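Please read the structure below before turning to the comments.
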Amino acid sequence: MSFGRLRTRTGRLAYGRTLALITTVGAVVRLLLLARQPLGIDEDFTAAAVGRPLGEMLGVVSRDSAPPLFYVLEWLVAQLAGGPAPLRLVPALAGIALIPLLAALARRVAGDTAGLWAAAFVAILPATLMASENARMYSLAGALVVAATLLLWRAVERMGVERSAVERSAVERSAGGFWLGYTVLAAAAVWTDYFAGVALVGVLIALAWFRPGRRTLAAAGAATAIALASIGPWFLFAGAQLEHAGQGFWIPPLSPDSIAGTFGQLFAGPPLDSGVPDRGILVALQVIAVAAGTVALAAVAFGPAGWRRFDLEARRAAVFLLLACGGVVLLAVVSLWRPILEARYAGVMWLPLFALGGVGLAVAPRRLAAVLIVAVAVPSLALGTVITHPETASLLPEIESRTGPHDLVAADPDHYLSLLAEGSPAVRAHLHVLSAFDPPWYFGVAAYPPGAVIDSVPADVAAAGGTIFYVADPGSAPSSLPPGYRQTEQRCAIAVCLTIYAPNG
């Protein structure tokens, strides 16, 4: 089937209405699942930060590792309502917007059919669905990068046709709106996530492959430079973030395993903790999603109606989308020196691959394409409905009902911020991180109040015979206990336990 037929046939399907229907389905799924998961690790930092007055929140963010735009939007939402669902509203809306945006990219490669398949793919893919349900900046940054890429493409197309001097002047004026829109969206992406800057560099390199002409390339470079430079004033306020550059990080060194794991999360979403119920089944479903996504991408190059049947314009567009993901390669190269290749960071950069996945589905046999969509939909629904985050907040009612004036509520660094963000003032007054070492900055210590970390149980707690409520990973124990204290009770939820210690007798 030629692409001419693809475009003709899909035109009869009312592209706009079908895309709206697919986007609506994706929106409904995301909104229904907003409150299904408890706040996960890193989401608790968002909750702890935006629960403060705006000035204090910006101070916390300035000492962590991200730009402020996402947190400002989250803070505005938090003024209206609290809890996991409102915190995830901004990422969910960004994930919804991503559906028609990636459809538009795929459509520019292979017509309406490719756009609709890309929309269906993105609407139900585990990676994009899970990112939409995560109260972090990656979904918003990715949507802004994709929107900027689309506007850049439109601007280059406007300026790319040979015209007379008079016509060229008129076209350049009409393209000005696209350049302005690209600059604003690119700057917003950088103000949302620093790794968006790497993504934009990859898009600019992809544009250079197009050989759009010196004037167009210079305009694109200038717009991108303005967007990147716009974040400069923030560092006058957030200079503490620069200190993290020389400190340790948690990402493992670059290796075949880390590369394979990162690529797997391209389709499957984040890895699952060992304490998740039915983890083996869920991991198997993730593997199926990875296989389905890989087949969809492979169909672009090897499908019977794929690369060999593409015209020159479609091939150039497909290669552009592939090269536009070059920021991931830049991450891998930098990781040879300092490991930063991680799926959440790469997720801001490799989204154009999902548009290519839609192209692959469009050129694949229809039955196979339908099977591949089901193969990503089932894992998404399973991962969205089964609890995969630590249920730390579920332990709070018991702690709040039993904590007395001389008691200690202690937590390990993985669960402290969740208790801090969701606990009552009475619990927070007794709450500390009990650890033999100071947690590194990437545990979200910028949100810790003064004196949060202690290396032993306070003397007044032991002297008064107070109870110790310890919240930590299953199997963990406090770094130290006063003499005569023993474990009396334990309650466990998914990926977290509350252990209660009291003095003998």
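If you're wondering about the labels, chains in the structure tokens are A, B, ... by order shown, residues count from 1 in each chain, ligands from 1 in order shown.
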Excluding range 278-282 of chain A and residues on its chain fewer than 6 positions from it, collect all residues at most 9 Å away from it, counting only C-alpha atoms, and give them as a count of residues only. 6
Name all residues at most 10 Å from Ile99 in chain A (count only C-alpha atoms; drop same-chain ones fewer than 3 positions away) and give them as a list in words.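 Answer for this query is Leu19, Ala20, Ile22, Thr23, Thr24, Gly26, Ala27, Ala94, Gly95, Ile96, Leu102, Ala103, Ala104, Gly115, Leu116, Ala118, Ala119, Ala120, Phe121, Val122, Ala123, Ile124, Thr128, Ala143, Phe354 and Ala355 of chain A.
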I need the strand (DSSP E) residues of range 401-430 of chain A per DSSP on the backbone, written as a count of residues only. 4
Top pick for closest residue to Ala187 in chain A, considering A:Ala411, A:Ile231, A:Ala220, A:Val29 and counting only C-alpha atoms: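 Comparing A:Ala411, A:Ile231, A:Ala220, A:Val29 against Ala187 in chain A, the winner is A:Ile231.
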My list of candidates is A:Glu342, A:Thr216, A:Phe237, A:Ala324. Which is closest to Ala260 in chain A when distances are computed with only C-alpha atoms?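 Among A:Glu342, A:Thr216, A:Phe237, A:Ala324, it is A:Glu342 that comes nearest to Ala260 in chain A.
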Distance criterion (only C-alpha atoms): nearest to Val300 in chain A out of A:Gly360, A:Gly466, A:Gly264, A:Gly444: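 So, comparing all the options, the nearest one is A:Gly360.
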Name all residues at most 12 Å from Pro405 in chain A (count only C-alpha atoms; drop same-chain ones fewer than 5 positions away) and give them as an MDAnalysis selection string. chainID A and resid 400 426:427 429:431 460:461 464:468
With a distance cut-off of 8 Å and only C-alpha atoms, select the neighbouring residues of Ser65 in chain A, excluding the residue or stretch itself and same-chain residues fewer than 3 positions from it, and output the selection as an MDAnalysis selection string. chainID A and resid 61:62 241 244
Save out the residues we just selected, N, CA and C atoms, as a PDB file, in the first residue's frame.
ATOM      1  N   VAL A  61      13.521  24.535  46.279  1.00  0.00           N
ATOM      2  CA  VAL A  61      13.853  24.105  44.917  1.00  0.00           C
ATOM      3  C   VAL A  61      15.235  24.599  44.523  1.00  0.00           C
ATOM      4  N   SER A  62      15.593  25.804  44.946  1.00  0.00           N
ATOM      5  CA  SER A  62      16.895  26.361  44.563  1.00  0.00           C
ATOM      6  C   SER A  62      18.050  25.569  45.140  1.00  0.00           C
ATOM      7  N   GLN A 241      22.622  24.782  43.615  1.00  0.00           N
ATOM      8  CA  GLN A 241      22.461  23.605  42.760  1.00  0.00           C
ATOM      9  C   GLN A 241      23.758  23.249  42.043  1.00  0.00           C
ATOM     10  N   HIS A 244      26.129  20.547  43.394  1.00  0.00           N
ATOM     11  CA  HIS A 244      25.865  19.117  43.241  1.00  0.00           C
ATOM     12  C   HIS A 244      26.686  18.509  42.112  1.00  0.00           C
TER      13      HIS A 244
END
